[in-house]
>>> print(open('start05.txt').read())   # compact mmCIF, C-alpha atoms
# COMPACT_ATOMS: atom_id res chain seq x y z
CA MET A 1 -27.26 -34.34 106.10
CA LYS A 2 -24.99 -31.48 107.17
CA VAL A 3 -25.25 -28.00 105.66
CA ILE A 4 -22.97 -24.97 106.18
CA VAL A 5 -24.72 -21.64 105.69
CA ASP A 6 -23.44 -18.08 105.33
CA LYS A 7 -25.14 -16.40 108.29
CA LYS A 8 -25.80 -13.24 106.25
CA ILE A 9 -28.23 -15.01 103.88
CA PRO A 10 -31.66 -13.79 105.03
CA TYR A 11 -34.91 -15.72 105.43
CA LEU A 12 -33.09 -19.06 105.53
CA GLN A 13 -32.83 -19.67 109.26
CA GLY A 14 -35.78 -21.65 110.54
CA VAL A 15 -36.43 -23.10 107.08
CA ILE A 16 -33.23 -24.99 106.28
CA GLU A 17 -33.38 -26.67 109.71
CA ARG A 18 -36.53 -28.50 108.56
CA LEU A 19 -34.65 -29.90 105.57
CA ALA A 20 -31.25 -30.86 107.01
CA ASP A 21 -30.13 -32.85 110.04
CA GLU A 22 -27.39 -30.42 111.01
CA VAL A 23 -27.01 -26.74 110.09
CA VAL A 24 -23.93 -24.67 110.92
CA TYR A 25 -23.87 -20.89 110.39
CA ALA A 26 -20.67 -18.97 109.71
CA GLU A 27 -19.46 -15.66 108.29
CA GLY A 28 -18.83 -15.91 104.57
CA ARG A 29 -15.13 -15.18 105.03
CA ASP A 30 -14.83 -17.85 107.73
CA PHE A 31 -15.55 -20.90 105.54
CA THR A 32 -12.47 -23.09 105.94
CA PRO A 33 -11.50 -26.58 104.70
CA GLU A 34 -11.92 -27.84 108.26
CA LEU A 35 -15.41 -26.35 108.52
CA VAL A 36 -16.74 -27.80 105.26
CA ARG A 37 -14.89 -31.13 105.24
CA ASP A 38 -17.85 -33.22 106.46
CA ALA A 39 -20.60 -31.04 104.98
CA ASP A 40 -22.93 -32.25 102.24
CA ALA A 41 -24.01 -28.80 101.02
CA LEU A 42 -23.01 -25.15 101.25
CA PHE A 43 -25.13 -21.99 101.03
CA VAL A 44 -22.79 -19.11 100.22
CA ARG A 45 -22.55 -15.54 98.94
CA THR A 46 -19.77 -13.83 96.98
CA ARG A 47 -17.53 -13.55 100.03
CA THR A 48 -16.81 -17.31 100.00
CA ARG A 49 -14.34 -18.53 97.39
CA CYS A 50 -15.40 -22.07 96.49
CA ASP A 51 -12.33 -23.66 94.92
CA ARG A 52 -9.84 -26.49 95.38
CA ALA A 53 -8.32 -24.83 98.44
CA LEU A 54 -11.68 -24.94 100.23
CA LEU A 55 -13.28 -28.08 98.82
CA ALA A 56 -10.54 -30.65 98.12
CA GLY A 57 -11.03 -33.73 100.26
CA SER A 58 -14.47 -32.67 101.45
CA ARG A 59 -17.71 -34.55 100.96
CA VAL A 60 -19.52 -31.46 99.62
CA ARG A 61 -21.85 -32.42 96.78
CA PHE A 62 -23.89 -29.26 96.34
CA ILE A 63 -23.26 -25.50 96.51
CA ALA A 64 -25.93 -22.82 96.27
CA THR A 65 -24.80 -19.22 95.97
CA ALA A 66 -27.63 -16.84 96.80
CA THR A 67 -26.30 -14.36 94.23
CA ILE A 68 -26.52 -13.64 90.53
CA GLY A 69 -22.77 -13.72 90.06
CA PHE A 70 -20.76 -16.92 90.39
CA ASP A 71 -17.18 -15.82 89.66
CA HIS A 72 -16.35 -16.83 93.27
CA ILE A 73 -17.04 -20.46 92.34
CA ASP A 74 -14.35 -22.46 90.53
CA THR A 75 -16.78 -24.12 88.15
CA ASP A 76 -14.09 -26.23 86.47
CA PHE A 77 -12.99 -27.71 89.78
CA CYS A 78 -16.59 -28.37 90.81
CA ARG A 79 -17.33 -30.09 87.51
CA ALA A 80 -14.23 -32.27 87.79
CA SER A 81 -15.06 -33.13 91.40
CA GLY A 82 -18.71 -33.97 90.81
CA ILE A 83 -19.97 -31.01 92.80
CA THR A 84 -23.21 -29.46 91.57
CA TRP A 85 -23.51 -25.70 91.98
CA THR A 86 -26.31 -23.25 91.37
CA ASN A 87 -26.73 -19.49 91.42
CA ALA A 88 -29.81 -17.25 91.43
CA PRO A 89 -29.96 -15.49 88.05
CA GLY A 90 -32.21 -12.44 88.03
CA CYS A 91 -32.96 -12.64 91.74
CA ASN A 92 -32.00 -9.03 92.43
CA ALA A 93 -33.07 -7.50 89.11
CA GLY A 94 -35.86 -5.53 90.77
CA GLY A 95 -33.52 -4.13 93.41
CA VAL A 96 -30.95 -2.99 90.84
CA GLU A 97 -33.73 -1.52 88.71
CA GLN A 98 -34.87 0.45 91.76
CA TYR A 99 -31.32 1.64 92.50
CA VAL A 100 -30.57 2.72 88.93
CA GLU A 101 -33.89 4.51 88.49
CA ALA A 102 -33.31 6.41 91.75
CA ALA A 103 -29.78 7.30 90.59
CA LEU A 104 -31.11 8.61 87.26
CA LEU A 105 -33.75 10.71 89.01
CA LEU A 106 -31.09 12.11 91.36
CA LEU A 107 -28.77 12.94 88.47
CA GLU A 108 -31.60 14.96 86.98
CA ARG A 109 -32.60 16.64 90.24
CA GLU A 110 -29.14 17.25 91.72
CA ARG A 111 -26.90 17.49 88.66
CA GLY A 112 -29.24 18.95 86.03
CA PHE A 113 -28.95 15.90 83.75
CA SER A 114 -31.97 16.08 81.45
CA LEU A 115 -33.32 12.55 81.11
CA ARG A 116 -35.77 13.16 78.29
CA SER A 117 -33.11 14.58 75.98
CA ALA A 118 -30.51 11.93 76.87
CA CYS A 119 -29.37 8.66 75.33
CA LEU A 120 -28.90 5.76 77.74
CA GLY A 121 -26.42 3.04 76.81
CA VAL A 122 -27.01 -0.31 78.53
CA VAL A 123 -24.08 -2.73 78.41
CA GLY A 124 -25.29 -6.23 79.23
CA VAL A 125 -28.97 -6.85 78.58
CA GLY A 126 -29.80 -9.89 80.66
CA HIS A 127 -32.24 -10.11 83.57
CA VAL A 128 -31.05 -6.83 85.09
CA GLY A 129 -30.03 -4.86 82.01
CA SER A 130 -33.36 -5.52 80.30
CA ARG A 131 -35.21 -3.99 83.22
CA VAL A 132 -32.86 -1.01 83.33
CA ALA A 133 -33.45 -0.47 79.60
CA ASP A 134 -37.20 -0.41 80.34
CA VAL A 135 -36.56 2.20 83.05
CA GLY A 136 -34.78 4.40 80.53
CA ARG A 137 -37.64 4.15 78.06
CA ARG A 138 -40.16 4.86 80.80
CA LEU A 139 -38.24 8.01 81.69
CA GLY A 140 -38.32 9.16 78.06
CA MET A 141 -34.68 8.38 77.24
CA THR A 142 -33.39 7.01 73.96
CA VAL A 143 -32.00 3.56 74.81
CA LEU A 144 -29.18 1.65 73.12
CA CYS A 145 -28.40 -1.94 74.08
CA CYS A 146 -25.04 -3.70 73.77
CA ASP A 147 -24.84 -7.43 74.43
CA PRO A 148 -22.52 -9.28 72.02
CA PRO A 149 -23.38 -12.81 73.26
CA ARG A 150 -27.11 -12.13 72.83
CA ALA A 151 -26.54 -10.46 69.45
CA GLU A 152 -24.64 -13.53 68.25
CA ALA A 153 -27.33 -15.92 69.50
CA GLU A 154 -30.40 -13.91 68.49
CA GLY A 155 -29.23 -11.76 65.61
CA PRO A 156 -28.06 -8.14 65.54
CA GLU A 157 -31.48 -6.46 65.45
CA GLY A 158 -32.04 -4.39 68.59
CA PHE A 159 -28.37 -4.43 69.59
CA THR A 160 -25.50 -2.06 68.91
CA SER A 161 -21.74 -2.37 69.16
CA LEU A 162 -19.91 -1.01 72.17
CA GLU A 163 -18.13 1.50 69.94
CA GLU A 164 -21.41 2.92 68.59
CA LEU A 165 -22.98 2.90 72.04
CA VAL A 166 -20.04 4.88 73.44
CA SER A 167 -20.18 7.41 70.60
CA ARG A 168 -23.92 8.07 70.97
CA SER A 169 -24.66 7.70 74.69
CA ASP A 170 -24.86 10.44 77.30
CA LEU A 171 -24.88 7.90 80.13
CA ILE A 172 -23.59 4.32 80.13
CA THR A 173 -24.64 1.71 82.69
CA PHE A 174 -22.97 -1.70 83.07
CA HIS A 175 -24.88 -4.92 83.82
CA THR A 176 -22.53 -7.66 82.67
CA PRO A 177 -21.12 -10.69 84.46
CA LEU A 178 -17.38 -10.69 85.16
CA THR A 179 -15.49 -12.86 82.66
CA ARG A 180 -11.79 -12.92 81.87
CA GLU A 181 -11.79 -15.37 78.98
CA GLY A 182 -13.89 -16.31 75.98
CA ALA A 183 -14.98 -14.26 72.98
CA HIS A 184 -16.27 -11.33 75.02
CA PRO A 185 -14.34 -10.88 78.28
CA THR A 186 -15.68 -8.13 80.54
CA TRP A 187 -12.71 -7.67 82.90
CA HIS A 188 -11.70 -3.99 82.54
CA LEU A 189 -14.20 -3.57 79.74
CA ALA A 190 -14.08 0.12 80.62
CA ASP A 191 -10.32 0.65 80.70
CA GLU A 192 -7.97 3.52 79.88
CA ALA A 193 -8.50 3.02 76.13
CA PHE A 194 -12.27 3.06 76.67
CA PHE A 195 -12.13 6.39 78.48
CA ARG A 196 -9.69 7.85 75.94
CA SER A 197 -12.19 7.02 73.18
CA LEU A 198 -14.90 9.26 74.65
CA SER A 199 -15.70 12.12 72.30
CA ARG A 200 -17.47 14.12 75.01
CA PRO A 201 -17.99 13.87 78.78
CA LEU A 202 -20.60 11.31 79.76
CA TYR A 203 -22.06 9.83 82.94
CA LEU A 204 -21.31 6.28 84.08
CA ILE A 205 -23.07 3.80 86.36
CA ASN A 206 -21.64 0.46 87.44
CA THR A 207 -23.72 -2.00 89.46
CA SER A 208 -22.34 -5.17 87.85
CA ARG A 209 -18.88 -6.20 89.08
CA GLY A 210 -16.15 -3.87 90.27
CA GLU A 211 -13.54 -5.26 87.88
CA VAL A 212 -15.67 -4.50 84.81
CA VAL A 213 -14.52 -0.88 85.20
CA ASP A 214 -10.82 -0.12 85.68
CA ASN A 215 -11.13 2.00 88.83
CA ALA A 216 -7.80 3.79 88.36
CA ALA A 217 -8.73 4.70 84.79
CA LEU A 218 -12.15 5.93 85.93
CA LEU A 219 -10.56 8.13 88.59
CA SER A 220 -8.29 9.64 85.98
CA ALA A 221 -11.24 10.20 83.61
CA LEU A 222 -13.25 11.90 86.35
CA THR A 223 -10.29 14.06 87.32
CA ASP A 224 -9.67 15.35 83.80
CA GLY A 225 -13.35 15.67 82.90
CA ARG A 226 -13.68 12.86 80.36
CA VAL A 227 -16.40 11.44 82.64
CA ALA A 228 -18.83 14.08 83.91
CA ASP A 229 -19.89 12.06 86.97
CA ALA A 230 -20.36 8.50 88.13
CA VAL A 231 -22.53 6.27 90.27
CA ILE A 232 -20.52 3.31 91.57
CA ASP A 233 -21.88 0.47 93.69
CA VAL A 234 -19.26 -2.18 92.92
CA TRP A 235 -15.50 -1.69 93.29
CA GLU A 236 -12.20 -3.30 92.60
CA HIS A 237 -10.50 -4.80 95.67
CA GLU A 238 -13.59 -4.74 97.91
CA PRO A 239 -13.70 -3.97 100.78
CA ASP A 240 -10.40 -2.06 100.39
CA ILE A 241 -11.78 0.34 97.82
CA ASP A 242 -10.09 3.40 96.30
CA ARG A 243 -11.09 6.17 98.69
CA ARG A 244 -10.06 8.90 96.25
CA LEU A 245 -12.50 7.49 93.70
CA LEU A 246 -15.20 7.21 96.37
CA GLN A 247 -14.95 10.91 97.14
CA GLN A 248 -15.00 11.82 93.44
CA VAL A 249 -18.18 10.01 92.42
CA PHE A 250 -21.66 11.46 92.78
CA ILE A 251 -23.00 8.31 94.44
CA GLY A 252 -20.76 5.62 95.94
CA THR A 253 -22.34 2.70 97.78
CA PRO A 254 -21.07 -0.55 99.37
CA HIS A 255 -22.21 -3.15 96.81
CA ILE A 256 -25.86 -2.98 97.84
CA ALA A 257 -27.66 -1.98 94.62
CA GLY A 258 -29.49 -5.31 94.55
CA TYR A 259 -30.05 -5.46 98.31
CA SER A 260 -33.82 -5.24 98.35
CA ALA A 261 -35.73 -7.51 100.69
CA ASP A 262 -37.62 -8.75 97.64
CA GLY A 263 -34.40 -9.69 95.84
CA LYS A 264 -32.95 -11.41 98.90
CA ALA A 265 -36.14 -13.41 99.33
CA ASN A 266 -35.94 -14.41 95.65
CA ALA A 267 -32.33 -15.56 96.02
CA THR A 268 -33.03 -17.59 99.15
CA ARG A 269 -36.11 -19.13 97.57
CA MET A 270 -34.24 -20.08 94.39
CA SER A 271 -31.35 -21.56 96.39
CA LEU A 272 -33.69 -23.63 98.52
CA GLN A 273 -35.60 -24.87 95.49
CA ALA A 274 -32.37 -26.01 93.83
CA PHE A 275 -31.26 -27.67 97.09
CA CYS A 276 -34.53 -29.56 97.39
CA ARG A 277 -34.43 -30.70 93.76
CA PHE A 278 -30.87 -31.96 94.13
CA PHE A 279 -31.51 -33.94 97.32
CA GLY A 280 -35.04 -35.04 96.37
CA LEU A 281 -36.73 -33.12 99.20
CA PRO A 282 -40.26 -31.68 99.16
CA GLU A 283 -40.40 -27.92 98.49
CA GLU A 284 -42.59 -27.21 101.49
CA PHE A 285 -41.53 -23.72 102.50
CA HIS A 286 -42.66 -20.13 102.02
CA ILE A 287 -40.23 -17.22 101.76
CA GLU A 288 -41.72 -13.73 101.97
CA PRO A 289 -40.04 -10.49 103.10
CA PRO A 290 -41.74 -8.45 105.83
CA ALA A 291 -44.13 -5.69 104.78
CA PRO A 292 -42.79 -2.12 104.88
CA SER A 293 -43.49 -0.23 108.08
CA GLU A 294 -45.23 2.54 106.11
CA PRO A 295 -46.74 0.98 102.99
CA LEU A 296 -48.71 4.09 101.97
CA ILE A 297 -46.75 6.87 100.26
CA ARG A 298 -48.37 10.25 99.64
CA ALA A 299 -46.38 12.37 97.18
CA THR A 300 -46.77 15.17 94.68
CA SER A 301 -44.88 13.26 91.96
CA ARG A 302 -43.63 9.81 91.08
CA THR A 303 -40.05 11.03 91.51
CA GLU A 304 -40.78 12.21 95.04
CA ALA A 305 -42.47 8.92 95.88
CA LEU A 306 -39.66 6.72 94.54
CA LEU A 307 -36.96 8.72 96.31
CA ARG A 308 -38.90 8.56 99.55
CA ILE A 309 -39.06 4.79 99.20
CA TYR A 310 -35.32 4.63 98.50
CA ASN A 311 -32.67 7.33 98.08
CA PRO A 312 -29.17 5.94 97.40
CA LEU A 313 -27.60 9.23 98.48
CA ASP A 314 -28.28 8.13 102.06
CA ASP A 315 -26.16 5.01 101.57
CA SER A 316 -23.53 7.07 99.77
CA ARG A 317 -23.21 9.58 102.60
CA ARG A 318 -22.68 6.77 105.11
CA LEU A 319 -19.94 5.14 103.04
CA LYS A 320 -18.17 8.42 102.24
CA ALA A 321 -18.19 9.31 105.94
CA SER A 322 -16.73 5.94 106.93
CA PRO A 323 -15.13 4.07 103.98
CA GLU A 324 -13.33 1.71 106.35
CA SER A 325 -16.80 0.42 107.31
CA PHE A 326 -17.52 -0.91 103.79
CA GLU A 327 -17.90 -4.52 104.90
CA SER A 328 -19.96 -3.63 107.95
CA LEU A 329 -22.27 -1.33 105.98
CA ARG A 330 -22.79 -4.07 103.43
CA GLY A 331 -23.08 -6.97 105.87
CA ASN A 332 -25.51 -5.18 108.19
CA TYR A 333 -27.56 -3.48 105.49
CA ALA A 334 -31.24 -2.92 106.26
CA TYR A 335 -32.89 -4.48 103.24
CA ARG A 336 -35.34 -2.11 101.55
CA ARG A 337 -38.61 -3.04 99.90
CA GLU A 338 -39.16 -2.38 96.20
CA PRO A 339 -41.84 0.07 94.96
CA SER A 340 -44.31 -2.76 94.27
CA ALA A 341 -44.63 -3.22 98.06
CA TYR A 342 -46.07 0.29 98.42
CA ARG A 343 -49.25 2.06 97.50
CA ILE A 344 -48.55 5.53 96.11
CA LEU A 345 -51.27 8.16 96.46
CA PRO A 346 -50.88 11.47 94.59
CA ILE A 347 -51.24 14.73 96.50
CA SER A 348 -53.12 17.21 94.35
>>> encode(input="start05.txt", output="structure tokens")
Amino acid sequence: MKVIVDKKIPYLQGVIERLADEVVYAEGRDFTPELVRDADALFVRTRTRCDRALLAGSRVRFIATATIGFDHIDTDFCRASGITWTNAPGCNAGGVEQYVEAALLLLERERGFSLRSACLGVVGVGHVGSRVADVGRRLGMTVLCCDPPRAEAEGPEGFTSLEELVSRSDLITFHTPLTREGAHPTWHLADEAFFRSLSRPLYLINTSRGEVVDNAALLSALTDGRVADAVIDVWEHEPDIDRRLLQQVFIGTPHIAGYSADGKANATRMSLQAFCRFFGLPEEFHIEPPAPSEPLIRATSRTEALLRIYNPLDDSRRLKASPESFESLRGNYAYRREPSAYRILPIS
């Protein structure tokens, strides 16, 4: 069996070799029809477009993307061609939770945004959005949840419309997949009309997909004050992002909100499990991220402790100083551990 692997997927090397006869590593952007033609399986990330152009005429039977999102996979073509694919839903929920909580704490500390008197609107309440909603409640915020597909399936209780969420929220955070069709498309969900509908300036966070927020419309809304400030981790046209928007936002990072070591280990583990199930192989492997170098945190407050564990302003400063390095900053990111990997001791 031959497997082609995106070399940026962590914790896979040394494990997949025990399961396949031949393993070839490549950059995600370097997957070509010639490379995959005689492969049985692919392990990819979002940088590899898995469609007819790549897969036609190949013997690929299985694709694992070590990501939550799968809009880079042409699912219709795969279905028609008998190719099984799998993603890793919820794998990075803890990492995004960590990122968003840190961003909220920084908005309070650096921008004077009072969390306890604020209403948080969560758009998309799946694996990630549910955890972000819990963060808001834990911080004393009023939380509104908008998820039309869930509301249709489960009933309207506990959910609100996007229009009501926009009218009542002080901060809106997006956690939806990227869809262009169907009953509830999310492409440019926050567009010019969305920003024109705002009755007062609010804060915005996007860690879902860049195209969920119309970046040009957001820049305009920031410029004229309809949006008070923004935290943006995902961008349209990555890695060629709008540098004017980057300089305008409070925090701008290179698509790394979910890049915790814990989340990456989850994604690799889930991909390997699906691979083994598909090919009937024993699941005899153990994936665990390395322990933090300083697992004991002494701090005077929980806010201080969490921001010492991870402060997204550090990533933002690096990207703003060198926006042309977006892909390098993302591809060579030093995966952080989540708070559960630390022991926090209060300083009295």
>>> residues_around(input="start05.txt", residues="segment 168-177 of chain A", least_positions_apart="6", cutoff="8 Å", atoms="only C-alpha atoms", output="list of chain:residue names")
A:Gly69, A:Ala118, A:Cys119, A:Leu120, A:Gly121, A:Val122, A:Val123, A:Gly124, A:Val125, A:Gly126, A:Val128, A:Gly129, A:Leu144, A:Thr186, A:Pro201, A:Leu202, A:Tyr203, A:Leu204, A:Ile205, A:Asn206, A:Thr207, A:Ser208, A:Arg209, A:Val212
>>> residues_around(input="start05.txt", residues="Leu54 of chain A", least_positions_apart="5", cutoff="12 Å", atoms="only C-alpha atoms", output="compact mmCIF listing (two decimals) with C-alpha atoms, in the coordinates of the input")
# COMPACT_ATOMS: atom_id res chain seq x y z
CA ARG A 29 -15.13 -15.18 105.03
CA ASP A 30 -14.83 -17.85 107.73
CA PHE A 31 -15.55 -20.90 105.54
CA THR A 32 -12.47 -23.09 105.94
CA PRO A 33 -11.50 -26.58 104.70
CA GLU A 34 -11.92 -27.84 108.26
CA LEU A 35 -15.41 -26.35 108.52
CA VAL A 36 -16.74 -27.80 105.26
CA ARG A 37 -14.89 -31.13 105.24
CA ALA A 39 -20.60 -31.04 104.98
CA LEU A 42 -23.01 -25.15 101.25
CA THR A 48 -16.81 -17.31 100.00
CA ARG A 49 -14.34 -18.53 97.39
CA ARG A 59 -17.71 -34.55 100.96
CA VAL A 60 -19.52 -31.46 99.62
CA HIS A 72 -16.35 -16.83 93.27
CA ILE A 73 -17.04 -20.46 92.34
CA ASP A 74 -14.35 -22.46 90.53
CA PHE A 77 -12.99 -27.71 89.78
CA CYS A 78 -16.59 -28.37 90.81
>>> residues_around(input="start05.txt", residues="segment 232-236 of chain A", least_positions_apart="6", cutoff="8 Å", atoms="all atoms listed in the file", output="ChimeraX atom specification")
/A:205-211,214-215,242,249,251-257
>>> residues_around(input="start05.txt", residues="Asp191 of chain A", least_positions_apart="2", cutoff="7 Å", atoms="all atoms listed in the file", output="PyMOL selection string")
chain A and resi 188-189+193-195+213-214+217
>>> write_last_selection(input="start05.txt", atoms="C-alpha atoms", output="PDB file, in the coordinates of the input")
ATOM      1  CA  HIS A 188     -11.700  -3.990  82.540  1.00  0.00           C
ATOM      2  CA  LEU A 189     -14.200  -3.570  79.740  1.00  0.00           C
ATOM      3  CA  ALA A 193      -8.500   3.020  76.130  1.00  0.00           C
ATOM      4  CA  PHE A 194     -12.270   3.060  76.670  1.00  0.00           C
ATOM      5  CA  PHE A 195     -12.130   6.390  78.480  1.00  0.00           C
ATOM      6  CA  VAL A 213     -14.520  -0.880  85.200  1.00  0.00           C
ATOM      7  CA  ASP A 214     -10.820  -0.120  85.680  1.00  0.00           C
ATOM      8  CA  ALA A 217      -8.730   4.700  84.790  1.00  0.00           C
TER       9      ALA A 217
END
>>> closest_residue(input="start05.txt", among="A:Ile9, A:Leu329, A:Ile344, A:Leu198", to="Glu294 of chain A", atoms="all atoms listed in the file")
A:Ile344
>>> atom_distance(input="start05.txt", atom1="atom CA of Leu115 of chain A", atom2="atom CA of Glu163 of chain A")
21.9 Å
>>> atom_distance(input="start05.txt", atom1="atom CA of Asp21 of chain A", atom2="atom CA of Pro290 of chain A")
27.3 Å
>>> closest_residue(input="start05.txt", among="A:Phe278, A:Phe159, A:Tyr259, A:Phe326", to="Glu238 of chain A", atoms="all atoms listed in the file")
A:Phe326
>>> atom_distance(input="start05.txt", atom1="atom CA of Gly95 of chain A", atom2="atom CA of Glu283 of chain A")
25.3 Å
>>> closest_residue(input="start05.txt", among="A:Asn92, A:Thr46, A:Ser58, A:Thr65", to="Gly263 of chain A", atoms="all atoms listed in the file")
A:Asn92
>>> closest_residue(input="start05.txt", among="A:Val24, A:Leu55, A:Leu319, A:Ala274", to="Trp85 of chain A", atoms="all atoms listed in the file")
A:Ala274
>>> closest_residue(input="start05.txt", among="A:Asp240, A:Glu97, A:Asp40, A:Glu17", to="Val3 of chain A", atoms="all atoms listed in the file")
A:Asp40
>>> axis_aligned_box(input="start05.txt", around="segment 234-240 of chain A", padding_each_side="6 Å", output="JSON")
{"center_x": -14.8, "center_y": -3.2, "center_z": 96.7, "size_x": 20.9, "size_y": 15.1, "size_z": 20.2}
